[in-house]
Each structure stands twice: as C-alpha cells, then as structure tokens.
Amino acid sequence: MSTAPSKTFLVCHGAWSAGWAWKKMHPLMQAAGHRLITPTYTGLGERAHLANPAIDLDSHIEDVLNVIRYEDLRDIALIGHSYGGMVATGVADRARDKVKQLIYVDAFVPNDGQSLLDLYEADRPRIQELLKSGDGWRVPPNPTPPDTSPADVEWLTARRVNMPIKCFETRLKLQAGALTLPRSYIYATRITPADTFGPFARMTKNDPAWSYYEIDASHSPNVTAPEALMALLQEIAA
C-alpha cells in the first residue's frame, strides 16, 4: 500500500469515448491509494440514449460540474484527455475553489473564445464531409492508433459512438479570466503524421507556467500504456 497522500483524480474523457475507456486505470489508482472518478458525458457511453443535436461543449462541462457538486469533491486533480481538454478547461474555470491542479493528457488547450475546430482548423473540411454522410449532427469516431492491441481495438470499436458536432463547434467561454492554477501537459510521442497535439506540446514545454512531460505511447495511454500513465500521474500529483 502506498504511503503517498490519497488524491482525487477526476477525468474529462475524450470524444466518442466515455468513462468506460478508463477501466484499466481503476485498479492502478486503487492500489496506489487514490480515488479515480470517470464520469460519462451526456450522449456518449452508457448515456448514449440521451444523445440529441443540442448537446454541446457546455453540456459536457455541466456534466462534470454536477459530479463535483453532488459528490462534494474538493482538492481535485482534474485530467483532460484529447477533447476532454476543452471540457476540463471549462470545469477548472467554473470550479476554481475545488480544482487543485489541471493535467492535460495529449489534449486540446483552448483559450477564451476558442472552439476545438478553431484549434484544429485542418480537420474542419473532413468533419463537414463526415457529417454529410451521417445524420447531419454527429461525427463518427476517428480510427484507433495502430499500436492498439487487437483485443483493445475490438473493445473500443464496440463501445465508441458518434459525437455531436456542436461539441467541436462551441467556443469556450471563461467566466473568471485566465486560469492560474498549476497545469501540466503530457504529450504522447507516438504521433500520427498530423501530430494534432504537437502545437500544444511545444507551447507548454516553452512556458514556465506549465510542467511538461512526455509519454512513450500513442494518443490514448489510458488504453495502451496504463502503467506508464499511472506513474506520470503519481509524479505530477505529488
């Protein structure tokens, strides 16, 4: 049993995903004496039956704020993975007295007034095309990284669902100015040719206000490299 003080980690998960995708992290967190909370956004995962065209980034920020409120969480280490960086930034802004630190895992880092598509302008045409081929308000999942095991590909593919486009289009509104809490960035170095998160890695690596880390993993280390991710999270939270 770890003698490190117990921490509360709260996850803002990525697009098309849900709390279930963090399954491998629960026993590792438990063994280290920490609490891991992995809520699912409205319209995804076990809440897929609630999907509707009105769901946007603010809906997902509210989902996580309600978990903080109703579970009475405090001193939170807030994790934002991928799209979850958009959500986590909004949550940290609105729950400043509850969130102790913010950890971005290969995630988007928005400024006030930016949407995910503002940060990833190159993907806008592809997403518009995908919309046309479906129901007009949801985007099908991106492919899983090539180093994902066949068993995990099967597990992920059966559970990932289409994502409401408004989540990518909504501009984040910070209600209380720029964030000043401790922030860390974990860059997954097994990149795709697009290197979507390279700009955020470079930005945070060169900014003294940030702590910067790298992990030898592809985009979802919670799936492909849980032990390595756990070691980094422990180091950062300590």
# chains A, B, ... in the order shown; residues from 1 in each chain; ligands from 1
call {"tool": "select_by_dssp", "arguments": {"residues": "range 28-117 of chain A", "states": "helix (DSSP H, G or I)", "output": "VMD selection string"}}
result
chain A and resid 28 to 31 45 to 50 57 to 70 84 to 94 116 to 117
call {"tool": "select_by_dssp", "arguments": {"residues": "range 7-238 of chain A", "states": "strand (DSSP E or B)", "output": "count of residues only"}}
result
37
call {"tool": "residues_around", "arguments": {"residues": "range 64-75 of chain A", "least_positions_apart": "2", "cutoff": "8 Å", "atoms": "only C-alpha atoms", "output": "tab-separated table (two decimals) with N, CA and C atoms, in the first residue's frame"}}
result
chain	number	residue	atom	x	y	z
A	7	LYS	N	-5.15	11.04	-3.32
A	7	LYS	CA	-5.62	12.12	-4.19
A	7	LYS	C	-6.94	11.73	-4.84
A	8	THR	N	-7.69	12.74	-5.24
A	8	THR	CA	-8.89	12.53	-6.04
A	8	THR	C	-8.61	12.97	-7.46
A	12	CYS	N	-11.95	14.12	-17.41
A	12	CYS	CA	-12.78	14.61	-18.52
A	12	CYS	C	-12.31	13.85	-19.75
A	39	PRO	N	-16.58	10.14	-14.93
A	39	PRO	CA	-17.96	10.31	-15.40
A	39	PRO	C	-18.04	10.27	-16.92
A	41	TYR	N	-19.99	11.79	-20.32
A	41	TYR	CA	-20.77	12.94	-20.79
A	41	TYR	C	-22.12	12.49	-21.35
A	60	HIS	N	-21.32	19.27	-21.66
A	60	HIS	CA	-20.33	18.35	-21.08
A	60	HIS	C	-19.60	18.97	-19.90
A	61	ILE	N	-19.38	20.27	-19.96
A	61	ILE	CA	-18.79	20.97	-18.80
A	61	ILE	C	-19.75	20.85	-17.62
A	62	GLU	N	-21.03	21.04	-17.89
A	62	GLU	CA	-22.05	20.96	-16.82
A	62	GLU	C	-22.13	19.55	-16.25
A	77	ALA	N	-7.46	16.72	-8.64
A	77	ALA	CA	-6.52	16.71	-9.76
A	77	ALA	C	-7.36	16.39	-10.99
A	91	VAL	N	-14.34	23.37	-16.86
A	91	VAL	CA	-14.62	22.92	-15.49
A	91	VAL	C	-13.70	23.64	-14.50
A	94	ARG	N	-14.87	27.16	-13.86
A	94	ARG	CA	-16.10	27.34	-13.09
A	94	ARG	C	-16.04	26.73	-11.69
A	95	ALA	N	-15.02	25.92	-11.42
A	95	ALA	CA	-14.89	25.29	-10.09
A	95	ALA	C	-13.50	25.60	-9.52
A	97	ASP	N	-12.47	26.90	-6.86
A	97	ASP	CA	-12.21	26.61	-5.45
A	97	ASP	C	-12.08	25.11	-5.19
A	98	LYS	N	-12.43	24.28	-6.17
A	98	LYS	CA	-12.42	22.82	-5.98
A	98	LYS	C	-11.26	22.13	-6.71
A	99	VAL	N	-10.83	22.70	-7.83
A	99	VAL	CA	-9.78	22.07	-8.65
A	99	VAL	C	-8.42	22.58	-8.22
A	100	LYS	N	-7.57	21.64	-7.77
A	100	LYS	CA	-6.24	21.97	-7.25
A	100	LYS	C	-5.22	22.10	-8.38
call {"tool": "atom_distance", "arguments": {"atom1": "CA of Val161 in chain A", "atom2": "CA of Leu10 in chain A"}}
result
21.8 Å
call {"tool": "residues_around", "arguments": {"residues": "range 202-216 of chain A", "least_positions_apart": "2", "cutoff": "7 Å", "atoms": "only C-alpha atoms", "output": "ChimeraX atom specification"}}
result
/A:183-190,198-200
call {"tool": "closest_atom_pairs", "arguments": {"of": "range 46-83 of chain A", "to": "range 129-137 of chain A", "cutoff": "12 Å", "atoms": "only C-alpha atoms", "output": "Markdown table"}}
result
| residue | atom | partner | partner_atom | distance |
| --- | --- | --- | --- | --- |
| A:Ala51 | CA | A:Trp137 | CA | 10.2 |
| A:Asn52 | CA | A:Trp137 | CA | 8.4 |
| A:Pro53 | CA | A:Trp137 | CA | 5.8 |
| A:Ala54 | CA | A:Trp137 | CA | 9.0 |
| A:Ile55 | CA | A:Trp137 | CA | 9.8 |
| A:Asp56 | CA | A:Trp137 | CA | 10.9 |
call {"tool": "residues_around", "arguments": {"residues": "Val153 in chain A", "least_positions_apart": "4", "cutoff": "12 Å", "atoms": "only C-alpha atoms", "output": "short mmCIF file (atom, residue, chain, number, x, y, z; two decimals) with N, CA and C atoms, in the first residue's frame"}}
result
data_model
loop_
_atom_site.label_atom_id
_atom_site.label_comp_id
_atom_site.auth_asym_id
_atom_site.auth_seq_id
_atom_site.Cartn_x
_atom_site.Cartn_y
_atom_site.Cartn_z
N ALA A 21 -13.69 3.89 -20.87
CA ALA A 21 -12.37 3.78 -21.52
C ALA A 21 -11.21 3.88 -20.52
N PRO A 143 -10.09 6.79 -36.34
CA PRO A 143 -9.52 5.44 -36.18
C PRO A 143 -8.68 5.32 -34.89
N THR A 144 -8.58 4.10 -34.37
CA THR A 144 -7.71 3.88 -33.20
C THR A 144 -6.26 3.84 -33.65
N PRO A 145 -5.30 4.24 -32.79
CA PRO A 145 -3.89 4.21 -33.17
C PRO A 145 -3.43 2.80 -33.55
N PRO A 146 -2.47 2.69 -34.48
CA PRO A 146 -2.05 1.39 -34.99
C PRO A 146 -1.40 0.47 -33.95
N ASP A 147 -0.90 1.04 -32.85
CA ASP A 147 -0.26 0.16 -31.84
C ASP A 147 -1.25 -0.36 -30.79
N THR A 148 -2.56 -0.11 -31.02
CA THR A 148 -3.58 -0.65 -30.11
C THR A 148 -3.73 -2.15 -30.36
N SER A 149 -3.75 -2.94 -29.29
CA SER A 149 -3.83 -4.40 -29.45
C SER A 149 -5.16 -4.79 -30.09
N THR A 157 -14.01 -0.46 -30.35
CA THR A 157 -14.90 -0.32 -31.51
C THR A 157 -16.35 -0.62 -31.14
N ALA A 158 -16.54 -1.58 -30.26
CA ALA A 158 -17.90 -1.96 -29.85
C ALA A 158 -18.58 -0.88 -29.00
N ARG A 159 -17.79 0.03 -28.45
CA ARG A 159 -18.33 0.97 -27.46
C ARG A 159 -18.27 2.45 -27.84
N ARG A 160 -17.40 2.79 -28.79
CA ARG A 160 -17.32 4.20 -29.18
C ARG A 160 -18.55 4.58 -30.02
N SER A 220 -4.03 7.41 -26.71
CA SER A 220 -4.83 7.05 -25.52
C SER A 220 -4.04 6.15 -24.58
N VAL A 223 -5.47 3.46 -22.41
CA VAL A 223 -5.77 2.16 -23.02
C VAL A 223 -4.50 1.37 -23.30
N THR A 224 -3.50 2.03 -23.92
CA THR A 224 -2.33 1.29 -24.43
C THR A 224 -1.13 1.28 -23.47
#
call {"tool": "residues_around", "arguments": {"residues": "Met29 in chain A", "least_positions_apart": "2", "cutoff": "12 Å", "atoms": "only C-alpha atoms", "output": "ChimeraX atom specification"}}
result
/A:1-2,4,6-10,22-27,31-38,222,226-227,229-234
call {"tool": "write_last_selection", "arguments": {"atoms": "N, CA, C and O atoms", "output": "tab-separated table (two decimals), in the first residue's frame"}}
result
chain	number	residue	atom	x	y	z
A	1	MET	N	0.86	-1.21	0.00
A	1	MET	CA	0.00	0.00	0.00
A	1	MET	C	0.88	1.25	0.00
A	1	MET	O	1.83	1.35	0.76
A	2	SER	N	0.54	2.18	-0.86
A	2	SER	CA	1.32	3.41	-0.97
A	2	SER	C	1.15	4.27	0.29
A	2	SER	O	0.08	4.33	0.87
A	4	ALA	N	1.89	7.50	0.02
A	4	ALA	CA	1.62	8.85	-0.51
A	4	ALA	C	0.21	9.26	-0.13
A	4	ALA	O	-0.68	8.43	-0.03
A	6	SER	N	-3.53	10.34	-0.26
A	6	SER	CA	-4.56	9.97	-1.23
A	6	SER	C	-5.02	11.20	-2.01
A	6	SER	O	-5.22	12.27	-1.45
A	7	LYS	N	-5.15	11.04	-3.32
A	7	LYS	CA	-5.62	12.12	-4.19
A	7	LYS	C	-6.94	11.73	-4.84
A	7	LYS	O	-7.23	10.55	-5.01
A	8	THR	N	-7.69	12.74	-5.24
A	8	THR	CA	-8.89	12.53	-6.04
A	8	THR	C	-8.61	12.97	-7.46
A	8	THR	O	-8.37	14.16	-7.71
A	9	PHE	N	-8.59	12.00	-8.38
A	9	PHE	CA	-8.43	12.29	-9.81
A	9	PHE	C	-9.81	12.24	-10.47
A	9	PHE	O	-10.54	11.26	-10.31
A	10	LEU	N	-10.13	13.29	-11.21
A	10	LEU	CA	-11.40	13.35	-11.92
A	10	LEU	C	-11.10	13.50	-13.41
A	10	LEU	O	-10.36	14.41	-13.81
A	22	TRP	N	-11.53	4.28	-19.28
A	22	TRP	CA	-10.50	4.41	-18.25
A	22	TRP	C	-10.48	3.20	-17.32
A	22	TRP	O	-9.91	3.24	-16.24
A	23	LYS	N	-11.10	2.11	-17.77
A	23	LYS	CA	-11.25	0.89	-16.96
A	23	LYS	C	-9.91	0.38	-16.41
A	23	LYS	O	-9.82	-0.05	-15.25
A	24	LYS	N	-8.86	0.40	-17.24
A	24	LYS	CA	-7.57	-0.17	-16.82
A	24	LYS	C	-6.90	0.67	-15.73
A	24	LYS	O	-6.01	0.19	-15.04
A	25	MET	N	-7.33	1.93	-15.59
A	25	MET	CA	-6.69	2.82	-14.62
A	25	MET	C	-7.24	2.63	-13.20
A	25	MET	O	-6.57	2.96	-12.23
A	26	HIS	N	-8.46	2.11	-13.08
A	26	HIS	CA	-9.08	2.00	-11.75
A	26	HIS	C	-8.28	1.12	-10.78
A	26	HIS	O	-7.98	1.57	-9.66
A	27	PRO	N	-7.90	-0.12	-11.17
A	27	PRO	CA	-7.14	-0.92	-10.20
A	27	PRO	C	-5.77	-0.31	-9.86
A	27	PRO	O	-5.30	-0.43	-8.73
A	31	ALA	N	-4.74	0.65	-6.10
A	31	ALA	CA	-3.52	0.08	-5.50
A	31	ALA	C	-2.62	1.17	-4.93
A	31	ALA	O	-1.91	0.96	-3.95
A	32	ALA	N	-2.66	2.35	-5.55
A	32	ALA	CA	-1.83	3.47	-5.08
A	32	ALA	C	-2.53	4.29	-4.00
A	32	ALA	O	-1.98	5.27	-3.50
A	33	GLY	N	-3.76	3.89	-3.68
A	33	GLY	CA	-4.48	4.58	-2.60
A	33	GLY	C	-5.21	5.83	-3.03
A	33	GLY	O	-5.59	6.66	-2.20
A	34	HIS	N	-5.39	5.99	-4.34
A	34	HIS	CA	-6.08	7.18	-4.85
A	34	HIS	C	-7.51	6.87	-5.28
A	34	HIS	O	-7.86	5.71	-5.49
A	35	ARG	N	-8.29	7.92	-5.46
A	35	ARG	CA	-9.66	7.78	-5.94
A	35	ARG	C	-9.71	8.29	-7.38
A	35	ARG	O	-9.24	9.40	-7.67
A	36	LEU	N	-10.25	7.47	-8.28
A	36	LEU	CA	-10.39	7.86	-9.69
A	36	LEU	C	-11.87	7.91	-10.04
A	36	LEU	O	-12.58	6.92	-9.86
A	37	ILE	N	-12.31	9.07	-10.52
A	37	ILE	CA	-13.72	9.24	-10.88
A	37	ILE	C	-13.77	9.53	-12.38
A	37	ILE	O	-13.10	10.45	-12.86
A	38	THR	N	-14.55	8.73	-13.11
A	38	THR	CA	-14.56	8.81	-14.57
A	38	THR	C	-15.99	8.96	-15.09
A	38	THR	O	-16.56	8.02	-15.63
A	222	ASN	N	-4.29	5.73	-21.54
A	222	ASN	CA	-5.17	5.05	-20.57
A	222	ASN	C	-5.57	3.66	-21.09
A	222	ASN	O	-5.92	2.78	-20.30
A	226	PRO	N	-1.30	2.00	-19.61
A	226	PRO	CA	-1.86	2.46	-18.33
A	226	PRO	C	-0.83	2.59	-17.20
A	226	PRO	O	-0.88	3.54	-16.42
A	227	GLU	N	0.12	1.63	-17.13
A	227	GLU	CA	1.12	1.69	-16.04
A	227	GLU	C	2.01	2.93	-16.18
A	227	GLU	O	2.30	3.61	-15.19
A	229	LEU	N	1.25	5.71	-17.72
A	229	LEU	CA	0.42	6.88	-17.42
A	229	LEU	C	0.24	7.04	-15.92
A	229	LEU	O	0.33	8.15	-15.38
A	230	MET	N	0.00	5.93	-15.24
A	230	MET	CA	-0.19	5.96	-13.79
A	230	MET	C	1.05	6.53	-13.10
A	230	MET	O	0.94	7.39	-12.20
A	231	ALA	N	2.23	6.10	-13.53
A	231	ALA	CA	3.48	6.58	-12.93
A	231	ALA	C	3.62	8.10	-13.11
A	231	ALA	O	4.00	8.81	-12.17
A	232	LEU	N	3.26	8.59	-14.28
A	232	LEU	CA	3.34	10.03	-14.54
A	232	LEU	C	2.33	10.81	-13.71
A	232	LEU	O	2.65	11.86	-13.15
A	233	LEU	N	1.12	10.31	-13.64
A	233	LEU	CA	0.07	10.99	-12.86
A	233	LEU	C	0.46	11.07	-11.38
A	233	LEU	O	0.24	12.10	-10.72
A	234	GLN	N	1.04	9.98	-10.89
A	234	GLN	CA	1.51	9.95	-9.49
A	234	GLN	C	2.56	11.04	-9.27
A	234	GLN	O	2.51	11.78	-8.28
call {"tool": "closest_residue", "arguments": {"among": "A:Asn142, A:Thr89, A:Gln128, A:Ser59", "to": "Ala15 in chain A", "atoms": "only C-alpha atoms"}}
result
A:Asn142
call {"tool": "closest_residue", "arguments": {"among": "A:Leu172, A:Ala194, A:Val139, A:Ala228", "to": "Gly90 in chain A", "atoms": "only C-alpha atoms"}}
result
A:Leu172
call {"tool": "residues_around", "arguments": {"residues": "Gly113 in chain A", "least_positions_apart": "3", "cutoff": "10 Å", "atoms": "only C-alpha atoms", "output": "list of chain:residue names"}}
result
A:Pro110, A:Asp118, A:Thr170, A:Arg171, A:Leu172, A:Lys173, A:Leu174
call {"tool": "write_last_selection", "arguments": {"atoms": "N, CA and C atoms", "output": "compact mmCIF listing (two decimals), in the first residue's frame"}}
result
# COMPACT_ATOMS: atom_id res chain seq x y z
N PRO A 110 -7.55 25.12 -24.95
CA PRO A 110 -8.18 26.30 -25.54
C PRO A 110 -7.96 27.56 -24.71
N ASP A 118 -11.53 25.56 -33.99
CA ASP A 118 -10.60 26.69 -34.12
C ASP A 118 -9.17 26.22 -33.90
N THR A 170 -18.61 24.58 -30.41
CA THR A 170 -18.87 25.54 -29.32
C THR A 170 -17.59 26.23 -28.89
N ARG A 171 -17.64 27.54 -28.78
CA ARG A 171 -16.48 28.29 -28.29
C ARG A 171 -16.50 28.32 -26.76
N LEU A 172 -15.37 28.01 -26.17
CA LEU A 172 -15.26 28.02 -24.70
C LEU A 172 -15.36 29.45 -24.18
N LYS A 173 -16.17 29.64 -23.16
CA LYS A 173 -16.24 30.96 -22.53
C LYS A 173 -15.70 30.84 -21.11
N LEU A 174 -14.58 31.48 -20.84
CA LEU A 174 -14.04 31.52 -19.47
C LEU A 174 -14.79 32.60 -18.71
call {"tool": "closest_residue", "arguments": {"among": "A:Ser82, A:Thr180, A:Gln175, A:Ser115", "to": "Thr196 in chain A", "atoms": "only C-alpha atoms"}}
result
A:Ser82
